[in-house]
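Asker: Quick one, target_3.txt (compact mmCIF, C-alpha atoms):
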# COMPACT_ATOMS: atom_id res chain seq x y z
CA MET A 257 17.38 37.47 3.71
CA LEU A 258 20.88 38.58 4.75
CA GLN A 259 20.89 41.98 6.43
CA SER A 260 23.35 44.61 5.26
CA SER A 261 24.20 45.69 8.79
CA SER A 262 27.29 44.04 10.26
CA SER A 263 25.54 44.06 13.67
CA TRP A 264 22.94 41.54 12.47
CA GLN A 265 23.16 38.47 14.67
CA PRO A 266 20.45 35.91 13.98
CA ASP A 267 19.22 33.78 16.85
CA VAL A 268 18.21 31.06 14.40
CA VAL A 269 19.56 30.22 10.94
CA LEU A 270 17.41 28.01 8.72
CA VAL A 271 18.97 26.45 5.64
CA GLY A 272 16.66 26.23 2.64
CA ALA A 273 13.65 28.44 1.89
CA GLY A 274 11.14 25.65 1.39
CA ILE A 275 7.96 24.80 3.24
CA MET A 276 9.76 23.20 6.19
CA SER A 277 11.91 26.26 6.93
CA ALA A 278 8.97 28.59 6.38
CA THR A 279 6.80 26.56 8.75
CA LEU A 280 9.53 26.32 11.38
CA ALA A 281 10.15 30.07 11.14
CA VAL A 282 6.45 30.77 11.74
CA VAL A 283 6.29 28.40 14.71
CA LEU A 284 9.45 29.88 16.24
CA LYS A 285 8.12 33.44 15.80
CA GLU A 286 4.84 32.40 17.43
CA LEU A 287 6.78 31.03 20.38
CA ASP A 288 9.11 34.04 20.63
CA SER A 289 8.33 37.07 18.48
CA ALA A 290 11.67 38.67 19.42
CA LEU A 291 13.72 35.99 17.65
CA ASN A 292 15.88 37.11 14.75
CA ILE A 293 15.52 34.43 12.11
CA GLU A 294 17.61 34.18 8.97
CA ILE A 295 16.71 31.82 6.12
CA LEU A 296 19.50 30.96 3.71
CA GLU A 297 18.72 29.80 0.18
CA THR A 298 21.12 29.13 -2.70
CA LEU A 299 18.46 29.20 -5.40
CA GLY A 300 16.91 32.33 -6.85
CA GLY A 301 13.74 32.20 -4.74
CA ALA A 302 11.80 30.38 -2.09
CA ALA A 303 10.37 26.89 -2.59
CA GLU A 304 12.07 26.27 -5.92
CA GLU A 305 13.35 22.78 -5.18
CA SER A 306 11.57 20.08 -3.14
CA SER A 307 8.67 22.33 -2.12
CA ASP A 308 7.96 23.38 -5.70
CA ALA A 309 4.67 22.04 -7.06
CA TRP A 310 6.40 20.47 -10.07
CA ASN A 311 8.71 18.49 -7.79
CA ASN A 312 6.34 17.64 -4.96
CA ALA A 313 2.87 17.66 -6.52
CA GLY A 314 2.10 20.82 -4.53
CA THR A 315 0.07 18.80 -2.06
CA GLY A 316 -0.03 18.46 1.67
CA HIS A 317 1.42 15.13 2.58
CA ALA A 318 -0.99 13.09 4.71
CA ALA A 319 0.26 9.60 3.70
CA LEU A 320 -3.12 8.70 2.31
CA CYS A 321 -2.23 7.31 -1.10
CA GLU A 322 1.47 6.53 -0.71
CA LEU A 323 1.50 2.76 -0.74
CA ASN A 324 5.06 2.59 0.62
CA TYR A 325 3.80 3.86 4.00
CA THR A 326 1.72 0.72 4.48
CA PRO A 327 4.02 -2.27 4.00
CA GLN A 328 2.65 -5.78 3.96
CA HIS A 329 4.26 -8.15 6.46
CA SER A 330 5.19 -11.73 5.60
CA ASP A 331 2.04 -12.91 7.40
CA GLY A 332 -0.08 -10.81 4.99
CA SER A 333 -1.06 -8.13 7.52
CA ILE A 334 -0.73 -4.44 6.63
CA ASP A 335 1.30 -2.15 8.88
CA ILE A 336 -0.29 1.32 8.92
CA SER A 337 1.89 2.80 11.70
CA LYS A 338 4.04 4.97 9.38
CA ALA A 339 0.94 6.21 7.51
CA LEU A 340 -0.67 7.14 10.83
CA GLU A 341 2.47 8.96 11.96
CA VAL A 342 2.64 11.04 8.79
CA ASN A 343 -1.13 11.65 8.82
CA VAL A 344 -1.02 12.96 12.40
CA GLU A 345 1.93 15.22 11.55
CA PHE A 346 0.02 16.65 8.59
CA ASP A 347 -3.00 17.20 10.83
CA LEU A 348 -0.75 19.26 13.13
CA SER A 349 0.12 21.41 10.10
CA ARG A 350 -3.58 21.90 9.39
CA GLN A 351 -4.08 22.95 13.01
CA LEU A 352 -1.26 25.49 12.68
CA TRP A 353 -2.81 26.89 9.49
CA SER A 354 -6.21 27.12 11.20
CA TYR A 355 -4.65 28.97 14.10
CA LEU A 356 -2.92 31.40 11.72
CA VAL A 357 -6.20 32.01 9.87
CA LYS A 358 -8.06 32.69 13.13
CA LYS A 359 -5.25 34.98 14.27
CA GLY A 360 -5.44 36.90 10.99
CA ALA A 361 -1.89 36.03 9.93
CA VAL A 362 -3.29 34.25 6.87
CA ALA A 363 -6.04 36.30 5.28
CA ASP A 364 -7.30 33.80 2.73
CA PRO A 365 -6.59 30.10 3.33
CA LYS A 366 -8.01 29.32 -0.11
CA SER A 367 -4.96 31.04 -1.54
CA PHE A 368 -2.84 28.03 -0.56
CA ILE A 369 -5.15 25.23 0.63
CA HIS A 370 -7.16 23.45 -2.05
CA PRO A 371 -8.82 20.20 -0.96
CA ILE A 372 -8.74 17.67 -3.77
CA PRO A 373 -9.51 13.96 -4.03
CA HIS A 374 -6.52 11.65 -3.81
CA MET A 375 -6.33 8.11 -5.04
CA SER A 376 -4.18 5.05 -5.43
CA PHE A 377 -4.62 2.98 -8.60
CA VAL A 378 -3.31 -0.54 -8.93
CA TRP A 379 -3.82 -3.49 -11.26
CA GLY A 380 -2.99 -7.15 -11.13
CA ALA A 381 -4.48 -9.62 -8.66
CA GLU A 382 -1.62 -9.37 -6.14
CA HIS A 383 -1.69 -5.55 -6.08
CA VAL A 384 -5.48 -5.43 -5.86
CA ALA A 385 -5.40 -7.87 -2.93
CA PHE A 386 -2.85 -5.59 -1.22
CA LEU A 387 -4.96 -2.48 -1.82
CA ARG A 388 -8.07 -4.24 -0.51
CA LYS A 389 -6.20 -5.24 2.68
CA ARG A 390 -4.75 -1.73 2.96
CA TYR A 391 -8.22 -0.23 2.71
CA ALA A 392 -9.52 -2.53 5.45
CA ALA A 393 -6.58 -1.71 7.73
CA LEU A 394 -6.76 2.06 7.19
CA THR A 395 -10.53 2.42 7.49
CA ALA A 396 -10.41 0.68 10.87
CA HIS A 397 -8.81 3.94 12.11
CA HIS A 398 -10.74 7.21 12.50
CA CYS A 399 -8.10 9.21 10.58
CA TYR A 400 -9.28 7.50 7.40
CA HIS A 401 -13.01 8.05 7.76
CA GLY A 402 -14.64 8.65 4.37
CA MET A 403 -12.18 6.58 2.39
CA GLU A 404 -13.76 4.67 -0.48
CA TYR A 405 -12.65 1.59 -2.38
CA SER A 406 -13.85 0.16 -5.67
CA GLU A 407 -12.98 -2.44 -8.25
CA ASP A 408 -16.01 -1.51 -10.39
CA LYS A 409 -15.14 -0.37 -13.96
CA GLN A 410 -17.93 2.23 -14.05
CA ARG A 411 -16.89 3.65 -10.70
CA LEU A 412 -13.26 3.79 -11.84
CA ALA A 413 -14.34 5.77 -14.91
CA GLU A 414 -16.23 8.23 -12.66
CA TRP A 415 -13.28 8.66 -10.32
CA ILE A 416 -10.70 8.95 -13.10
CA PRO A 417 -12.48 11.02 -15.79
CA LEU A 418 -9.26 11.86 -17.61
CA ALA A 419 -8.52 8.18 -18.14
CA ASP A 420 -10.76 7.27 -21.03
CA ALA A 421 -13.16 4.35 -20.89
CA GLU A 422 -10.96 2.40 -23.31
CA LEU A 423 -8.07 2.48 -20.83
CA CYS A 424 -10.38 1.25 -18.06
CA ARG A 425 -11.52 -1.59 -20.34
CA LYS A 426 -7.94 -2.54 -21.25
CA VAL A 427 -7.08 -2.99 -17.60
CA ARG A 428 -8.83 -6.20 -16.66
CA ALA A 429 -11.91 -5.29 -14.62
CA ASP A 430 -11.36 -8.06 -12.13
CA THR A 431 -7.82 -6.91 -11.38
CA ALA A 432 -8.07 -3.12 -11.13
CA ALA A 433 -8.85 -1.11 -8.03
CA VAL A 434 -8.85 2.44 -6.81
CA LEU A 435 -8.73 3.76 -3.32
CA GLN A 436 -10.48 7.13 -3.31
CA LEU A 437 -9.84 9.71 -0.61
CA GLU A 438 -12.14 12.70 -0.74
CA ASN A 439 -10.93 16.22 -0.07
CA VAL A 440 -7.98 15.57 2.15
Have the structure of the file written as structure tokens, please.
Answerer:
Amino acid sequence: MLQSSSSWQPDVVLVGAGIMSATLAVVLKELDSALNIEILETLGGAAEESSDAWNNAGTGHAALCELNYTPQHSDGSIDISKALEVNVEFDLSRQLWSYLVKKGAVADPKSFIHPIPHMSFVWGAEHVAFLRKRYAALTAHHCYHGMEYSEDKQRLAEWIPLADAELCRKVRADTAAVLQLENV
């Protein structure tokens, strides 16, 4: 981090050693390898706050299951513009990682990228109706190809194996739904 030499003059100072500063540092170095970049962090190590897996689920954020990115308007329509914006930004991150892998800067992408299914689970007629509309709005866009939706108890049990069958039965079958997103 901080150099011991008093002649050290960074061109760029990034505050916080999380994923955003790390990504920005990489992009800046790709644009100008001569840049002197300093990253300042008050905690004991990198990515110990918001970027830590315990605080941020350790996932790439593609706005696929976050219901707050798809608000319902008073006319009942679903606005997916924020979800699309975040999804496109995450796709740019994936493109950067692919570039770094091809360049040899990242030897093993499996050391930090692990595709896993994502899902949103709701219950209650109003929430299920929202999720159904959300699914229809999102799947109309190519960014959400492969998305699945189900209100079927058996399917829910397959998609959520850690939630026992008794839990799935307790939630009324006609008012429970899951939006499944494979390997995003």
Asker: Could you please determine the separation between atom CA of A:Asp331 and atom CA of A:Glu345 in Å, to one decimal place?
Answerer: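 Atom-to-atom, atom CA of A:Asp331 to atom CA of A:Glu345, that is 28.4 Å.
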Asker: Looking at A:Ile334, A:Cys399, A:Ala339, A:Ile416, which one is nearest to A:Leu387, with distances taken over all atoms listed in the file?
Answerer: A:Ile334
Asker: Near A:Ala319, within 8 Å and counting only C-alpha atoms, which residues show up once chain neighbours fewer than 4 positions away are dropped, as a ChimeraX atom specification?
Answerer: /A:325,339-340,342-343
Asker: Atom CA of A:Gly360 and atom CA of A:Glu294 are how many Å apart?
Answerer: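 If I compute the distance from atom CA of A:Gly360 to atom CA of A:Glu294, I get 23.3 Å.
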Asker: Between A:Leu418, A:Tyr400, A:Pro365, A:Ala273, which has the minimum distance to A:Leu352 (counting only C-alpha atoms)?
Answerer: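 Checking each of A:Leu418, A:Tyr400, A:Pro365, A:Ala273 against A:Leu352, counting only C-alpha atoms, the winner is A:Pro365.
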Asker: Which is closer to A:Gly332 than all the others in A:Ala385, A:Leu356, A:Glu297, A:Trp264, using all atoms listed in the file?
Answerer: A:Ala385
Asker: With all atoms listed in the file as the atoms that count, which of A:Met403, A:Val268, A:Arg350, A:Ile336 lies nearest to A:Asp288?
Answerer: A:Val268
Asker: For A:Leu291, which residue out of A:Asp335, A:Glu341, A:Asp267, A:Glu304 is the nearest one, using all atoms listed in the file?
Answerer: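 That would be A:Asp267, the residue with the smallest distance to A:Leu291.
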Asker: Could you give me, as a list in words, the residues that sit within 6 Å of (-1.8, 8.1, -1.4) in the file's coordinates, counting all atoms listed in the file?
Answerer: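 Selection result: Ala319, Leu320, Cys321, Glu322, Met375 and Ser376 of chain A.
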Asker: In terms of the shortest atom-to-atom distance over all atoms listed in the file, which of A:Ser289, A:Gly402, A:Leu299, A:Ser330 is closest to A:His374?
Answerer: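 Going through A:Ser289, A:Gly402, A:Leu299, A:Ser330 one by one, the smallest distance to A:His374 is for A:Gly402.
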